[in-house]
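> Pasting a structure here, questions to come.
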Amino acid sequence: MGIEMIFTMKYYPLVYGHRGFPLEAPENTIPSFLLAREAGAFGVEMDVHMTKDGELVVIHDDKLDRTTTGTGYVSQRTWAEVRQLDAGQKFSERWRGVKVPSLREVLTQVKGVNYYVEVKHGSRFYPGIEERLLEILEETGTKDLTQVISFDLESLSRLRQMDSSLTLGLLTCNDVKHALVLADEIGVNWIQAEFSLLDRELVDMAHGRGYRVATWTVNSEEEVMKAREIGVDSITTDNPRMAIRVLSS
Ligand code: G3P
Ligand code: CA
């Protein structure tokens with residue numbers, strides 16, 4: 001399902017599951033992404049870090065401690081070590097045995113959706129991460145379904161220099177007007193702004209300058225309706241089922 005599907009969707013803005021469906025399954029795991037798809041999400045959002053031996057893994061934090069049975073930085077563990085860990089049991093006993101997925105696994109096992117892939121740190125912290133990411137998108141045939149998003153301006157610039165056709169989104173928790181200036185400089189396609197920053201005027205301004213606008217994390221019915229009113233193009237939510245129900249009614 002590519003971006004051309006936007007015009008045949010029953011609802012708008014597009015709905016992306018934030019780290020999958022984290023209200024129902026452990027965040028950033030394959031079951032969580034599959035549940036978001038089952039709920040009808042247009043896409044899934046995920047976070048990427050890199051292991052000591054260069055594997056791109058899907059996990060939110062720099063460290064393993066909060067969501068897995070492991071400890072310490074992802075960057076100081078090998079993929080084989082991360083693979084041993086349980087990423088489900090801290091969420092609930094029901095999900096014991098669920099693993100931290102590699103990016104490649106998510107992109108090959110969770111089909112039929114689009115992807116927001118957030119690069120948490122660029123090559124300053126994870127040398128070569130941009131090259132590795134592009135290789136994986138090419139090899140899995142998912143480049144056209146993916147928007148790479150990041151707060152890391154250097155990483156977005158590197159990606160743009162390496163690939164002029166990759167869809168990029170600049171994440172911002174600050175001044176949206178300043179983000180538009182940065183977006184022009186880097187050459188991204190989307191502005192992804194934290195929800196409380198946005199209003200109709202800013203969304204119109206971004207659209208007028210040629211950007212699509214995404215926002216996160218839109219978790220209540222009121223917020224979903226407001227997101228639609230102010231004209232954003234996509235929302236990222238912990239509850240894709242609720243968001244789709246509200247937007248479809
Ligand atoms: O979609 C952007 C959003 O995911 C950024 O915040 O902390 O949930 O990765 P965070
Ligand atoms: Ca994220």
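The chains in the structure tokens are called A, B, ... from first to last as shown; in each chain the residues are counted from 1, and the ligands are counted from 1 in the order shown.
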Could you report the residues within 8 Å of ligand 1, using only C-alpha atoms and all ligand atoms, as a list in words?

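Using only C-alpha atoms and all ligand atoms, I find these residues within 8 Å of ligand 1: His18, Arg19, Glu45, Met46, Asp47, His60, Tyr116, Glu118, Lys120, Ile149, Ser150, Leu171, Gln192, Ala193, Glu194, Thr215, Trp216, Thr217 and Thr236 of chain A.
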
> May I have the residues within 6 Å of range 32-34 of chain A as a PyMOL selection string, using only C-alpha atoms and disregarding those fewer than 6 positions away in the same chain?

chain A and resi 20-21+25

> Just C-alpha atoms for this one: save the residues we selected as a PDB file, in the first residue's frame.


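File produced: again11.pdb:
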ATOM      1  CA  GLY A  20       2.844  -0.353  16.819  1.00  0.00           C
ATOM      2  CA  PHE A  21      -0.161  -0.696  19.119  1.00  0.00           C
ATOM      3  CA  ALA A  25       1.184  -5.257  22.969  1.00  0.00           C
TER       4      ALA A  25
END

> Quick one: of A:Glu154, A:Asp65, A:Asp163, A:Glu38, who's nearest to Ala87 in chain A, counting only C-alpha atoms?

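Of A:Glu154, A:Asp65, A:Asp163, A:Glu38, the one nearest Ala87 in chain A, counting only C-alpha atoms, is A:Asp65.
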
> As an exercise, work out the distance from CA of Glu105 in chain A to CA of Thr172 in chain A in Å and give it to one decimal place.

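For CA of Glu105 in chain A relative to CA of Thr172 in chain A, the distance reads 28.0 Å.
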
> Can you work out which one of A:Arg209, A:Arg77, A:Lys99, A:Arg245 has the shortest atom-to-atom distance to Met225 in chain A, counting only C-alpha atoms?

A:Arg245

> Find the residues around range 124-133 of chain A up to 9 Å (only C-alpha atoms counted), leave out those fewer than 2 positions away in its own chain, and share them as number ranges by chain.

A: 49-52, 54-56, 75, 103, 119, 121-122, 135-138, 154-156, 158-159, 162

> Ile230 in chain A: which residues within 7 Å, counting only C-alpha atoms, same-chain residues fewer than 4 positions away excluded, as a list in words?

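Contacts, with the query itself left out: Asp199, Arg200, Val203 and Lys226 of chain A.
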
> Calculate how many Å separate CA of Leu170 in chain A from CA of Leu153 in chain A, rounding to one decimal.

7.8 Å

> So which one's closest to ligand 2, A:Gly70, A:Gly40, A:Gly210, A:Gly169? Using only C-alpha atoms and all ligand atoms, please.

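Of the candidates, the smallest distance to ligand 2 is held by A:Gly169.
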
> Smallest atom-to-atom distance to ligand 2: which of A:Val57, A:Leu182, A:Val110, A:Val117, using only C-alpha atoms and all ligand atoms?

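Once distances to ligand 2 are computed over only C-alpha atoms and all ligand atoms, the minimum belongs to A:Val117.
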
> May I have all residues of range 182-234 of chain A that DSSP, computed from the backbone, assigns to alpha helix (DSSP H), given as a list of chain:residue names?

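Put together, the selection reads A:Leu182, A:Ala183, A:Asp184, A:Glu185, A:Ile186, A:Arg200, A:Glu201, A:Leu202, A:Val203, A:Asp204, A:Met205, A:Ala206, A:His207, A:Gly208, A:Glu221, A:Glu222, A:Glu223, A:Val224, A:Met225, A:Lys226, A:Ala227, A:Arg228, A:Glu229, A:Ile230.
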
> Using CA of Arg94 in chain A and CA of Thr29 in chain A as the two end points, give the distance in Å to one decimal.

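Taking CA of Arg94 in chain A as the start and CA of Thr29 in chain A as the end point, the length is 13.6 Å.
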
> Using only C-alpha atoms, which residues sit within 9 Å of Leu180 in chain A once same-chain residues fewer than 3 positions away are excluded, as a list of chain:residue names?

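So, after excluding close chain neighbours, the residues are A:Leu170, A:Asp175, A:Val176, A:Lys177, A:Ala183, A:Asp184, A:Glu185, A:Ile191, A:Ala206, A:Arg209, A:Tyr211.
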
> Counting only C-alpha atoms, figure out which residue out of A:Ser248, A:Thr142, A:Gln84, A:Asn174 gets nearest to Leu64 in chain A.

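Using only C-alpha atoms, Leu64 in chain A sits closest to A:Gln84.
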
> Just list the residues in range 105-187 of chain A DSSP gives strand (DSSP E or B) on the backbone, as a list of chain:residue names.

A:Asn114, A:Tyr115, A:Tyr116, A:Val117, A:Glu118, A:Val119, A:Thr146, A:Gln147, A:Val148, A:Ile149, A:Ser150, A:Thr167, A:Leu168, A:Gly169, A:Leu170, A:Leu171, A:Thr172

> Could you give me, as a list in words, the residues within 7 Å of Val113 in chain A, counting only C-alpha atoms and dropping anything in the same chain fewer than 3 positions from it?

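In the requested format, the answer is Met1, Arg37, Phe42, Gly43 and Val44 of chain A.
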
> Neighbouring residues of Pro22 in chain A were defined as those with any atom within 10 Å, considering only C-alpha atoms; residues of the same chain fewer than 5 positions away were excluded. Please report them as a list of chain:residue names.

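Here the qualifying residues turn out to be A:Gly17, A:Glu27, A:Asn28, A:Thr29, A:Pro31, A:Ser32, A:Phe33, A:Leu35, A:Ala36, A:Phe91, A:Thr237, A:Asp238, A:Asn239, A:Pro240.
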
> Between A:Val48, A:Met9, A:Leu134, A:Ala214, single out the one closest to ligand 2, counting only C-alpha atoms and all ligand atoms.

A:Val48
